[in-house]
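Input: a single structure, listed below in structure tokens.
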Amino acid sequence: MEIHRRPQPTGDDGTAAASHHPHRLKKPSSSAPSPPSPKASDALPLPLYLTNAIFFTLFFSVAYYLLHRWRDKIRSSTPLHVVTLSEIAAIVSLIASFIYLLGFFGIDFVQSFISRASHDVWDLDDDTVPGNRRDFTVSDQPIPKLTPPELSICSEEDEEIVRSVVDGVTPSYALESRLGDCRRAAAIRREALQRLTERSLEGLPLEGFDYESILGQCCEMPVGYIQIPVGVAGPLLLDGFEYTVPMATTEGCLVASTNRGCKAIYASGGASSVVLRDAMSRAPVVRFSTAKRAAQLKFFLEDPLNFETLAVIFNRSSRFARLQGIQCAMAGKNVYLRFTCSTGDAMGMNMVSKGVQNVLDYLQNDFPDMDVIGISGNYCSDKKPAAVNWIEGRGKSVVCEAIIKEEVVKKVLKTNVAALVELNMLKNLTGSAVAGALGGYNAHASNIVSAVFIATGQDPAQNVESSHCITMMEAVNDGRDLHISVTMPSIEVGTVGGGTQLASQSACLNLLGVKGASKDSPGSNSRLLATIVAGAVLAGELSLMSAIAAGQLVNSHMKYNRSSKDVSKVSSCS
């Protein structure tokens with residue numbers, strides 16, 4: 001098989017996105033008194049509340065004066081553009097006071113920037129100041145106390161806001177909008193949480209993360225971020241190209257095992273894959289007064305003569321959304337409408353939901369008695385094991401296969417073909433059937449799917465249906481070689497939107513060569529990512545099954561999944 005190295009697309013600047021962490025200056029010695037943090041209001045001759053009152057009075061006074069002057073000019077037929085010196089001064093005063101009030105007490109708005117700049121220059125990790133380290137110690141009592149609490153606050157104003165949150169005066173969820181500084185809001189929320197719960201968050205990092213990037217789309221009310229190590233398995237030789245697969249996991253032996261599977265596949269000439277279908281689904285539930293009336297809607301939607309009209313209405317939601325089909329199911333007088341459509345390089349849940357809403361609005365014209373119960377009626381089915389996904393597919397339906405040579409099975413995998421075939425039949429097929437598995441006819445597909453999903457910014461909850469997989473093994477070439485395949489009908493992935501745009505996850509997508517949307521062929525990046533997921537699952541299945549067949553599973557986990565280090569005394573630096 002001819003081997004190619006897939007060119008790695010980069011961002012607009014030619015590099016993958018990365019966070020920039022400026023160096024921070026050290027604090028002055030604790031023996032020297034710290035100068036008070038400057039405030040914007042210090043530059044005013046009057047207190048802040050008097051300044052605000054003056055601007056309020058000025059705004060309404062000059063507005064009243066100008067309205068009266070313009071009314072008099074209209075009555076006397078004087079041109080409005082002819083203004084006196086006093087009117088010019090009034091206009092200037094109106095504009096100035098309006099700009100001030102537009103910032104809603106603009107001095108406080110400016111203060112947030114000044115205090116943030118002061119924090120960047122002078123705030124230091126306490127470890128750099130001798131005798132000033134603030135450690136959290138957790139006692140053996142049921143409710144540990146903070147002794148003393150770690151202060152991530154750098155100004156009196158922040159301290160006042162923390163007390164306001166603790167007292168319930170300021171809602172924690174409103175900090176970002178009120179402060180205009182997402183990192184500062186997270187620090188204040190974190191400190192308030194520690195005081196309210198009397199429990200330490202030491203070890204949960206705060207610094208080194210772009211909180212602006214998650215505002216309004218990835219996470220609400222952040223107080224830090226979780227660190228998950230990312231390992232790489234590969235190269236995975238798939239369809240003639242090599243891929244290094246990033247895997248975010250805390251399970252020892254998983255990356256090493258997948259890497260061994262990749263090695264076996266590479267030594268045997270590589271794997272091949274086929275995308276059988278690409279269709280995201282959403283299924284609303286509607287209700288009628290009678291089952292007969294519900295059946296009329298079912299017949300209407302499934303009539304091929306109506307599909308073109310419905311597709312036009314559905315496709316208005318996005319330039320990438322293209323309706324593929326509508327499948328209806330009834331339960332009494334309730335109808336479940338399963339819409340399927342292509343969604344470009346996005347995973348597509350929001351896209352298909354908007355298209356469904358367009359169709360429901362249109363149907364109300366011909367079916368005014370239709371009662372829309374919910375945009376999702378669980379016939380989709382999202383984030384739940386469901387036979388409809390196993391049978392019909394959801395997202396990308398992929399099959400991946402490889403022929404592993406006899407010598408590779410013996411030398412790399414340390415087992416033999418006959419043992420693997422027998423184990424697969426009794427474990428993955430018969431054993432799963434005895435257990436009543438739904439889509440779980442595999443050894444550990446969800447392990448690899450979850451690790452790749454987290455690394456590349458996918459929705460981890462969709463691992464439920466994305467891990468539906470049946471692993472097949474068969475002796476070929478007169479019983480000498482092993483044919484192995486994985487069939488995965490519902491891999492739900494995207495390369496744009498959601499967590500894919502975060503710096504770390506975007507870098508992992510860039511490593512695979514599927515970062516962002518494909519300009520040449522919309523949807524090709526997400527389909528390629530789905531085949532890579534299936535290829536990584538193939539490698540993981542091959543290696544784990546070999547370890548079980550050779551009796552190496554327990555020994556491997558005891559070697560790689562156990563640590564002799566006392567991690568209770570190790571905490572991550574924030």
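Residue numbering restarts at 1 for every chain of the structure tokens, chains are lettered A, B, ... in their displayed order, and ligands are numbered from 1 as they appear.
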Long-range neighbours of A:Gln296 as a PyMOL selection string, 12 Å cut-off, only C-alpha atoms, 3 positions minimum in chain: chain A and resi 287-288+290-293+299-303+328+330+333-335+366-367+369-370
At a cut-off of 12 Å, using only C-alpha atoms, what residues contact stretch 474-482 of chain A? Leave out same-chain residues fewer than 2 positions from it and give the result as a short mmCIF file (atom, residue, chain, number, x, y, z; two decimals) with N, CA and C atoms, in the first residue's frame.
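The resulting file, out31.cif, is shown below:
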data_model
loop_
_atom_site.label_atom_id
_atom_site.label_comp_id
_atom_site.auth_asym_id
_atom_site.auth_seq_id
_atom_site.Cartn_x
_atom_site.Cartn_y
_atom_site.Cartn_z
N ALA A 264 0.72 -2.78 14.94
CA ALA A 264 0.37 -4.03 14.25
C ALA A 264 -0.30 -3.74 12.91
N ILE A 265 -1.18 -2.74 12.89
CA ILE A 265 -1.87 -2.38 11.65
C ILE A 265 -0.86 -1.85 10.63
N SER A 268 1.23 -4.45 8.97
CA SER A 268 0.47 -5.33 8.09
C SER A 268 -0.02 -4.62 6.83
N GLU A 401 -11.56 -1.68 8.47
CA GLU A 401 -11.07 -3.06 8.44
C GLU A 401 -9.57 -3.11 8.18
N ALA A 402 -8.98 -4.25 8.54
CA ALA A 402 -7.57 -4.48 8.27
C ALA A 402 -7.31 -5.98 8.27
N ILE A 403 -6.29 -6.41 7.55
CA ILE A 403 -5.83 -7.80 7.58
C ILE A 403 -4.47 -7.82 8.27
N ILE A 404 -4.41 -8.47 9.42
CA ILE A 404 -3.19 -8.53 10.21
C ILE A 404 -2.46 -9.83 9.88
N LYS A 405 -1.23 -9.70 9.46
CA LYS A 405 -0.45 -10.86 9.03
C LYS A 405 -0.12 -11.78 10.21
N GLU A 406 0.07 -13.03 9.91
CA GLU A 406 0.31 -14.03 10.94
C GLU A 406 1.54 -13.71 11.78
N GLU A 407 2.63 -13.30 11.11
CA GLU A 407 3.84 -13.02 11.87
C GLU A 407 3.68 -11.80 12.78
N VAL A 408 2.85 -10.85 12.37
CA VAL A 408 2.59 -9.67 13.21
C VAL A 408 1.77 -10.07 14.43
N VAL A 409 0.80 -10.95 14.22
CA VAL A 409 0.00 -11.44 15.35
C VAL A 409 0.89 -12.11 16.39
N LYS A 410 1.86 -12.84 15.92
CA LYS A 410 2.73 -13.57 16.85
C LYS A 410 3.78 -12.67 17.50
N LEU A 413 1.63 -8.84 18.70
CA LEU A 413 0.48 -9.02 19.57
C LEU A 413 0.64 -10.18 20.54
N THR A 415 0.17 -13.41 20.37
CA THR A 415 -0.88 -14.42 20.43
C THR A 415 -0.97 -15.10 19.06
N ASN A 416 -2.10 -15.78 18.79
CA ASN A 416 -2.27 -16.42 17.48
C ASN A 416 -3.67 -16.15 16.95
N VAL A 417 -3.84 -16.35 15.66
CA VAL A 417 -5.10 -16.00 14.98
C VAL A 417 -6.27 -16.81 15.53
N ALA A 418 -6.11 -18.09 15.71
CA ALA A 418 -7.21 -18.94 16.18
C ALA A 418 -7.71 -18.50 17.55
N ALA A 419 -6.80 -18.14 18.44
CA ALA A 419 -7.20 -17.70 19.78
C ALA A 419 -7.99 -16.40 19.72
N LEU A 420 -7.59 -15.49 18.84
CA LEU A 420 -8.30 -14.22 18.71
C LEU A 420 -9.71 -14.42 18.16
N VAL A 421 -9.83 -15.24 17.13
CA VAL A 421 -11.15 -15.50 16.53
C VAL A 421 -12.09 -16.12 17.55
N GLU A 422 -11.61 -17.10 18.29
CA GLU A 422 -12.45 -17.77 19.29
C GLU A 422 -12.86 -16.81 20.41
N LEU A 423 -11.90 -16.01 20.90
CA LEU A 423 -12.20 -15.06 21.97
C LEU A 423 -13.22 -14.03 21.51
N ASN A 424 -13.06 -13.54 20.29
CA ASN A 424 -14.01 -12.54 19.80
C ASN A 424 -15.42 -13.10 19.72
N MET A 425 -15.57 -14.34 19.29
CA MET A 425 -16.89 -14.95 19.19
C MET A 425 -17.52 -15.12 20.58
N THR A 471 -17.39 -5.60 16.70
CA THR A 471 -16.06 -6.02 16.27
C THR A 471 -16.13 -7.44 15.72
N MET A 472 -15.66 -7.62 14.51
CA MET A 472 -15.67 -8.92 13.86
C MET A 472 -14.23 -9.38 13.59
N ILE A 484 -9.89 -8.27 10.67
CA ILE A 484 -10.60 -7.62 11.78
C ILE A 484 -11.31 -6.39 11.24
N SER A 485 -12.51 -6.16 11.75
CA SER A 485 -13.27 -4.97 11.33
C SER A 485 -14.09 -4.44 12.49
N LEU A 542 -7.97 -4.47 18.66
CA LEU A 542 -6.99 -5.48 18.29
C LEU A 542 -6.00 -5.74 19.43
N SER A 546 -5.92 -9.05 22.03
CA SER A 546 -4.68 -9.84 22.03
C SER A 546 -4.15 -10.00 23.44
#
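The nearest approach to A:Arg183 among the residues A:Ser213, A:Thr500, A:Ser97, A:Thr340, with only C-alpha atoms taken into account, belongs to A:Ser213.
We find atom CA of A:Arg282 and atom CA of A:Val352 to be spaced 6.4 Å apart.
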Sel. of strand (DSSP E or B) residues, stretch 237-306 of chain A, as a ChimeraX atom specification: /A:237-238,241-248,271-282,285-287
A:Pro460 environment, 12 Å, only C-alpha atoms, sequence neighbours closer than 5 positions dropped, as a PyMOL selection string: chain A and resi 248+382-383+446-455+465-467+491-493+498-499
Keeping only all heavy atoms, write the selected residues as a compact mmCIF listing (two decimals), in the first residue's frame.
# COMPACT_ATOMS: atom_id res chain seq x y z
N ALA A 248 -6.98 12.04 25.18
CA ALA A 248 -7.00 12.65 26.51
C ALA A 248 -7.62 11.65 27.48
O ALA A 248 -8.81 11.34 27.38
CB ALA A 248 -7.79 13.95 26.49
N ASP A 382 -30.50 11.15 21.20
CA ASP A 382 -29.26 11.81 21.54
C ASP A 382 -28.82 11.47 22.95
O ASP A 382 -29.60 11.55 23.90
CB ASP A 382 -29.45 13.34 21.42
CG ASP A 382 -28.17 14.11 21.58
OD1 ASP A 382 -27.14 13.64 21.06
OD2 ASP A 382 -28.18 15.17 22.22
N LYS A 383 -27.55 11.06 23.09
CA LYS A 383 -26.92 10.81 24.40
C LYS A 383 -27.60 9.71 25.19
O LYS A 383 -27.58 9.71 26.43
CB LYS A 383 -26.86 12.10 25.22
CG LYS A 383 -26.09 13.24 24.57
CD LYS A 383 -26.09 14.47 25.46
CE LYS A 383 -25.25 15.58 24.84
NZ LYS A 383 -25.90 16.21 23.68
N SER A 446 -15.64 2.37 23.66
CA SER A 446 -15.92 3.65 24.33
C SER A 446 -14.65 4.25 24.95
O SER A 446 -14.56 5.47 25.12
CB SER A 446 -16.98 3.47 25.40
OG SER A 446 -16.55 2.58 26.41
N ASN A 447 -13.69 3.41 25.31
CA ASN A 447 -12.43 3.92 25.85
C ASN A 447 -11.73 4.84 24.86
O ASN A 447 -11.33 5.96 25.18
CB ASN A 447 -11.50 2.74 26.18
CG ASN A 447 -11.35 2.52 27.67
OD1 ASN A 447 -11.62 3.41 28.47
ND2 ASN A 447 -10.93 1.34 28.05
N ILE A 448 -11.61 4.37 23.65
CA ILE A 448 -10.91 5.15 22.62
C ILE A 448 -11.75 6.33 22.16
O ILE A 448 -11.25 7.45 21.99
CB ILE A 448 -10.54 4.25 21.41
CG1 ILE A 448 -9.48 3.23 21.81
CG2 ILE A 448 -10.04 5.07 20.24
CD1 ILE A 448 -10.01 1.95 22.38
N VAL A 449 -13.05 6.10 21.98
CA VAL A 449 -13.93 7.18 21.55
C VAL A 449 -13.92 8.33 22.54
O VAL A 449 -13.79 9.51 22.17
CB VAL A 449 -15.37 6.66 21.34
CG1 VAL A 449 -16.33 7.82 21.08
CG2 VAL A 449 -15.42 5.67 20.19
N SER A 450 -14.03 8.03 23.83
CA SER A 450 -14.03 9.08 24.85
C SER A 450 -12.72 9.85 24.85
O SER A 450 -12.73 11.08 24.94
CB SER A 450 -14.27 8.47 26.24
OG SER A 450 -15.54 7.89 26.33
N ALA A 451 -11.60 9.14 24.76
CA ALA A 451 -10.30 9.80 24.81
C ALA A 451 -10.10 10.73 23.62
O ALA A 451 -9.62 11.87 23.77
CB ALA A 451 -9.19 8.75 24.86
N VAL A 452 -10.48 10.29 22.43
CA VAL A 452 -10.34 11.14 21.24
C VAL A 452 -11.34 12.28 21.28
O VAL A 452 -11.02 13.41 20.89
CB VAL A 452 -10.51 10.30 19.96
CG1 VAL A 452 -10.41 11.19 18.72
CG2 VAL A 452 -9.46 9.20 19.88
N PHE A 453 -12.55 12.02 21.76
CA PHE A 453 -13.58 13.07 21.86
C PHE A 453 -13.11 14.20 22.76
O PHE A 453 -13.25 15.39 22.43
CB PHE A 453 -14.88 12.48 22.40
CG PHE A 453 -15.81 11.99 21.32
CD1 PHE A 453 -15.32 11.48 20.14
CD2 PHE A 453 -17.19 12.02 21.50
CE1 PHE A 453 -16.18 11.02 19.15
CE2 PHE A 453 -18.05 11.59 20.52
CZ PHE A 453 -17.55 11.07 19.34
N ILE A 454 -12.58 13.87 23.94
CA ILE A 454 -12.15 14.91 24.87
C ILE A 454 -10.98 15.69 24.30
O ILE A 454 -10.91 16.91 24.43
CB ILE A 454 -11.79 14.28 26.23
CG1 ILE A 454 -13.03 13.66 26.87
CG2 ILE A 454 -11.18 15.31 27.16
CD1 ILE A 454 -12.75 12.86 28.12
N ALA A 455 -10.07 15.01 23.64
CA ALA A 455 -8.89 15.68 23.08
C ALA A 455 -9.26 16.62 21.95
O ALA A 455 -8.61 17.67 21.77
CB ALA A 455 -7.89 14.64 22.58
N GLU A 465 -23.78 6.93 22.21
CA GLU A 465 -24.16 6.32 20.94
C GLU A 465 -22.98 6.22 19.96
O GLU A 465 -22.97 5.35 19.09
CB GLU A 465 -25.31 7.09 20.27
CG GLU A 465 -25.01 8.54 19.94
CD GLU A 465 -25.43 9.48 21.06
OE1 GLU A 465 -25.26 9.12 22.24
OE2 GLU A 465 -25.92 10.57 20.75
N SER A 466 -21.99 7.10 20.11
CA SER A 466 -20.84 7.05 19.21
C SER A 466 -20.00 5.80 19.43
O SER A 466 -19.24 5.39 18.54
CB SER A 466 -19.96 8.29 19.41
OG SER A 466 -20.66 9.47 19.04
N SER A 467 -20.12 5.18 20.60
CA SER A 467 -19.35 3.96 20.90
C SER A 467 -20.08 2.69 20.48
O SER A 467 -19.56 1.59 20.73
CB SER A 467 -19.02 3.91 22.40
OG SER A 467 -18.17 4.97 22.75
N ILE A 491 -21.21 7.62 14.82
CA ILE A 491 -20.13 8.46 15.33
C ILE A 491 -20.52 9.92 15.12
O ILE A 491 -20.67 10.37 13.98
CB ILE A 491 -18.80 8.16 14.62
CG1 ILE A 491 -18.43 6.68 14.80
CG2 ILE A 491 -17.69 9.05 15.15
CD1 ILE A 491 -17.14 6.29 14.09
N GLU A 492 -20.69 10.65 16.21
CA GLU A 492 -21.18 12.03 16.14
C GLU A 492 -20.03 13.00 16.44
O GLU A 492 -19.67 13.23 17.59
CB GLU A 492 -22.32 12.22 17.13
CG GLU A 492 -23.50 11.32 16.82
CD GLU A 492 -24.53 11.26 17.91
OE1 GLU A 492 -24.37 11.93 18.95
OE2 GLU A 492 -25.52 10.52 17.74
N VAL A 493 -19.45 13.54 15.38
CA VAL A 493 -18.28 14.41 15.52
C VAL A 493 -18.43 15.63 14.62
O VAL A 493 -19.21 15.64 13.66
CB VAL A 493 -16.97 13.67 15.16
CG1 VAL A 493 -16.67 12.59 16.17
CG2 VAL A 493 -17.03 13.10 13.75
N GLY A 498 -18.68 24.57 19.15
CA GLY A 498 -18.53 23.96 20.46
C GLY A 498 -17.11 24.01 20.98
O GLY A 498 -16.40 25.01 20.84
N GLY A 499 -16.65 22.90 21.57
CA GLY A 499 -15.32 22.86 22.15
C GLY A 499 -14.19 22.75 21.15
O GLY A 499 -13.02 22.84 21.54
Those of stretch 306-446 of chain A in DSSP helix (DSSP H, G or I), formatted as number ranges by chain: A: 306-315, 349-366, 387-392, 406-411, 417-434, 445-446
Contact residues around A:Met347 with only C-alpha atoms at 10 Å, ignoring same-chain residues under 6 positions, as a list in words: Ala279, Met280, Gly395, Lys396, Gln458, Asp459, Ile491, Glu492, Val493, Gly494, Thr495, Val496, Gly497, Gly498, Gly523 and Ser526 of chain A
Next, the residues of the selection above should be written as a JSON list (two decimals), in the first residue's frame with N, CA, C and O atoms.
[["chain", "number", "residue", "atom", "x", "y", "z"],
["A", 279, "ALA", "N", -25.50, 11.63, 8.41],
["A", 279, "ALA", "CA", -26.82, 12.23, 8.63],
["A", 279, "ALA", "C", -27.09, 12.41, 10.12],
["A", 279, "ALA", "O", -27.20, 11.42, 10.85],
["A", 280, "MET", "N", -27.19, 13.65, 10.55],
["A", 280, "MET", "CA", -27.59, 13.94, 11.93],
["A", 280, "MET", "C", -29.12, 13.96, 12.01],
["A", 280, "MET", "O", -29.80, 14.29, 11.03],
["A", 395, "GLY", "N", -25.32, 10.60, 12.78],
["A", 395, "GLY", "CA", -23.99, 11.17, 12.56],
["A", 395, "GLY", "C", -23.32, 10.45, 11.41],
["A", 395, "GLY", "O", -23.88, 10.27, 10.33],
["A", 396, "LYS", "N", -22.10, 9.97, 11.64],
["A", 396, "LYS", "CA", -21.35, 9.27, 10.60],
["A", 396, "LYS", "C", -21.38, 7.77, 10.87],
["A", 396, "LYS", "O", -21.03, 7.32, 11.97],
["A", 458, "GLN", "N", -15.01, 17.30, 21.20],
["A", 458, "GLN", "CA", -16.35, 16.79, 20.91],
["A", 458, "GLN", "C", -17.18, 16.78, 22.19],
["A", 458, "GLN", "O", -16.69, 17.03, 23.28],
["A", 459, "ASP", "N", -18.46, 16.49, 22.06],
["A", 459, "ASP", "CA", -19.34, 16.39, 23.22],
["A", 459, "ASP", "C", -19.11, 15.03, 23.87],
["A", 459, "ASP", "O", -19.48, 14.00, 23.30],
["A", 491, "ILE", "N", -21.21, 7.62, 14.82],
["A", 491, "ILE", "CA", -20.13, 8.46, 15.33],
["A", 491, "ILE", "C", -20.52, 9.92, 15.12],
["A", 491, "ILE", "O", -20.67, 10.37, 13.98],
["A", 492, "GLU", "N", -20.69, 10.65, 16.21],
["A", 492, "GLU", "CA", -21.18, 12.03, 16.14],
["A", 492, "GLU", "C", -20.03, 13.00, 16.44],
["A", 492, "GLU", "O", -19.67, 13.23, 17.59],
["A", 493, "VAL", "N", -19.45, 13.54, 15.38],
["A", 493, "VAL", "CA", -18.28, 14.41, 15.52],
["A", 493, "VAL", "C", -18.43, 15.63, 14.62],
["A", 493, "VAL", "O", -19.21, 15.64, 13.66],
["A", 494, "GLY", "N", -17.67, 16.67, 14.96],
["A", 494, "GLY", "CA", -17.59, 17.87, 14.13],
["A", 494, "GLY", "C", -16.22, 18.49, 14.29],
["A", 494, "GLY", "O", -15.51, 18.23, 15.26],
["A", 495, "THR", "N", -15.85, 19.34, 13.35],
["A", 495, "THR", "CA", -14.56, 20.02, 13.43],
["A", 495, "THR", "C", -14.73, 21.53, 13.56],
["A", 495, "THR", "O", -13.75, 22.27, 13.55],
["A", 496, "VAL", "N", -15.96, 22.00, 13.68],
["A", 496, "VAL", "CA", -16.25, 23.40, 13.95],
["A", 496, "VAL", "C", -17.32, 23.47, 15.03],
["A", 496, "VAL", "O", -18.10, 22.54, 15.20],
["A", 497, "GLY", "N", -17.33, 24.60, 15.76],
["A", 497, "GLY", "CA", -18.34, 24.80, 16.78],
["A", 497, "GLY", "C", -18.00, 24.13, 18.10],
["A", 497, "GLY", "O", -17.15, 23.24, 18.18],
["A", 498, "GLY", "N", -18.68, 24.57, 19.15],
["A", 498, "GLY", "CA", -18.53, 23.96, 20.46],
["A", 498, "GLY", "C", -17.11, 24.01, 20.98],
["A", 498, "GLY", "O", -16.40, 25.01, 20.84],
["A", 523, "GLY", "N", -17.82, 19.28, 4.89],
["A", 523, "GLY", "CA", -18.17, 18.01, 5.53],
["A", 523, "GLY", "C", -17.06, 16.98, 5.47],
["A", 523, "GLY", "O", -17.09, 16.00, 6.21],
["A", 526, "SER", "N", -15.01, 16.55, 8.93],
["A", 526, "SER", "CA", -15.71, 15.81, 9.98],
["A", 526, "SER", "C", -15.82, 14.32, 9.62],
["A", 526, "SER", "O", -15.72, 13.45, 10.49]]
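Closest to A:Thr343 among A:Lys73, A:His444, A:Lys515, A:Arg527 is A:Arg527, based on only C-alpha atoms.
Atom to atom, atom CA of A:Arg338 and atom CA of A:Val533 stand 25.8 Å apart.
Using only C-alpha atoms for every distance, the candidate list A:Ala517, A:Leu179, A:Ile391, A:Val62 yields A:Ile391 as the residue closest to A:Ser490.
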Contact residues around stretch 275-277 of chain A with only C-alpha atoms at 10 Å, ignoring same-chain residues under 2 positions, as number ranges by chain: A: 273, 279-280, 342, 392-400, 487-490, 527-528, 530-531
Just the selected residues (N, CA and C atoms), exported as a PDB file, in the first residue's frame, please.
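out_24.pdb, freshly written:
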ATOM      1  N   SER A 273     -11.074   2.340   5.363  1.00  0.00           N
ATOM      2  CA  SER A 273     -12.362   2.716   5.959  1.00  0.00           C
ATOM      3  C   SER A 273     -13.320   3.217   4.894  1.00  0.00           C
ATOM      4  N   ALA A 279     -25.500  11.627   8.410  1.00  0.00           N
ATOM      5  CA  ALA A 279     -26.817  12.229   8.632  1.00  0.00           C
ATOM      6  C   ALA A 279     -27.089  12.406  10.118  1.00  0.00           C
ATOM      7  N   MET A 280     -27.194  13.654  10.554  1.00  0.00           N
ATOM      8  CA  MET A 280     -27.591  13.940  11.930  1.00  0.00           C
ATOM      9  C   MET A 280     -29.120  13.963  12.012  1.00  0.00           C
ATOM     10  N   SER A 342     -27.686  16.290   6.369  1.00  0.00           N
ATOM     11  CA  SER A 342     -26.241  16.520   6.408  1.00  0.00           C
ATOM     12  C   SER A 342     -25.998  17.886   7.029  1.00  0.00           C
ATOM     13  N   GLU A 392     -30.482   2.493  12.276  1.00  0.00           N
ATOM     14  CA  GLU A 392     -30.567   3.510  11.230  1.00  0.00           C
ATOM     15  C   GLU A 392     -29.295   4.356  11.133  1.00  0.00           C
ATOM     16  N   GLY A 393     -28.550   4.426  12.223  1.00  0.00           N
ATOM     17  CA  GLY A 393     -27.362   5.266  12.235  1.00  0.00           C
ATOM     18  C   GLY A 393     -27.695   6.693  12.626  1.00  0.00           C
ATOM     19  N   ARG A 394     -26.684   7.399  13.108  1.00  0.00           N
ATOM     20  CA  ARG A 394     -26.817   8.817  13.463  1.00  0.00           C
ATOM     21  C   ARG A 394     -25.432   9.444  13.385  1.00  0.00           C
ATOM     22  N   GLY A 395     -25.323  10.602  12.784  1.00  0.00           N
ATOM     23  CA  GLY A 395     -23.993  11.167  12.557  1.00  0.00           C
ATOM     24  C   GLY A 395     -23.315  10.448  11.413  1.00  0.00           C
ATOM     25  N   LYS A 396     -22.101   9.974  11.643  1.00  0.00           N
ATOM     26  CA  LYS A 396     -21.347   9.270  10.603  1.00  0.00           C
ATOM     27  C   LYS A 396     -21.377   7.770  10.869  1.00  0.00           C
ATOM     28  N   SER A 397     -21.801   7.008   9.890  1.00  0.00           N
ATOM     29  CA  SER A 397     -21.768   5.543   9.967  1.00  0.00           C
ATOM     30  C   SER A 397     -20.519   5.069   9.224  1.00  0.00           C
ATOM     31  N   VAL A 398     -19.625   4.386   9.961  1.00  0.00           N
ATOM     32  CA  VAL A 398     -18.301   4.062   9.424  1.00  0.00           C
ATOM     33  C   VAL A 398     -17.993   2.581   9.645  1.00  0.00           C
ATOM     34  N   VAL A 399     -17.344   1.957   8.655  1.00  0.00           N
ATOM     35  CA  VAL A 399     -16.789   0.621   8.819  1.00  0.00           C
ATOM     36  C   VAL A 399     -15.299   0.706   8.498  1.00  0.00           C
ATOM     37  N   CYS A 400     -14.486   0.064   9.354  1.00  0.00           N
ATOM     38  CA  CYS A 400     -13.037   0.110   9.191  1.00  0.00           C
ATOM     39  C   CYS A 400     -12.498  -1.313   9.309  1.00  0.00           C
ATOM     40  N   THR A 487     -17.552  -1.945  12.929  1.00  0.00           N
ATOM     41  CA  THR A 487     -18.653  -1.226  12.273  1.00  0.00           C
ATOM     42  C   THR A 487     -19.311  -0.338  13.313  1.00  0.00           C
ATOM     43  N   MET A 488     -19.281   0.972  13.061  1.00  0.00           N
ATOM     44  CA  MET A 488     -19.767   1.960  14.030  1.00  0.00           C
ATOM     45  C   MET A 488     -20.808   2.841  13.336  1.00  0.00           C
ATOM     46  N   PRO A 489     -22.089   2.639  13.619  1.00  0.00           N
ATOM     47  CA  PRO A 489     -23.150   3.313  12.863  1.00  0.00           C
ATOM     48  C   PRO A 489     -23.474   4.732  13.308  1.00  0.00           C
ATOM     49  N   SER A 490     -22.932   5.194  14.416  1.00  0.00           N
ATOM     50  CA  SER A 490     -23.374   6.513  14.900  1.00  0.00           C
ATOM     51  C   SER A 490     -22.243   7.285  15.581  1.00  0.00           C
ATOM     52  N   ARG A 527     -16.002  14.024   8.336  1.00  0.00           N
ATOM     53  CA  ARG A 527     -16.054  12.608   7.927  1.00  0.00           C
ATOM     54  C   ARG A 527     -14.694  11.945   8.114  1.00  0.00           C
ATOM     55  N   LEU A 528     -13.632  12.689   7.809  1.00  0.00           N
ATOM     56  CA  LEU A 528     -12.287  12.133   8.013  1.00  0.00           C
ATOM     57  C   LEU A 528     -12.035  11.884   9.500  1.00  0.00           C
ATOM     58  N   ALA A 530     -14.224  11.128  11.712  1.00  0.00           N
ATOM     59  CA  ALA A 530     -14.982   9.932  12.091  1.00  0.00           C
ATOM     60  C   ALA A 530     -14.236   8.666  11.692  1.00  0.00           C
ATOM     61  N   THR A 531     -13.609   8.660  10.514  1.00  0.00           N
ATOM     62  CA  THR A 531     -12.854   7.465  10.101  1.00  0.00           C
ATOM     63  C   THR A 531     -11.620   7.265  10.975  1.00  0.00           C
TER      64      THR A 531
END
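You can rank A:Ser381, A:Gln552, A:Gln227, A:Thr430 by their closest distance to A:Ser504 using only C-alpha atoms, and at the top of that list sits A:Gln227.
Remark: for A:Ile375, the closest of the candidate residues A:Ser317, A:Thr78, A:Ser257, A:Ser281 is A:Ser281 (distances computed over only C-alpha atoms).
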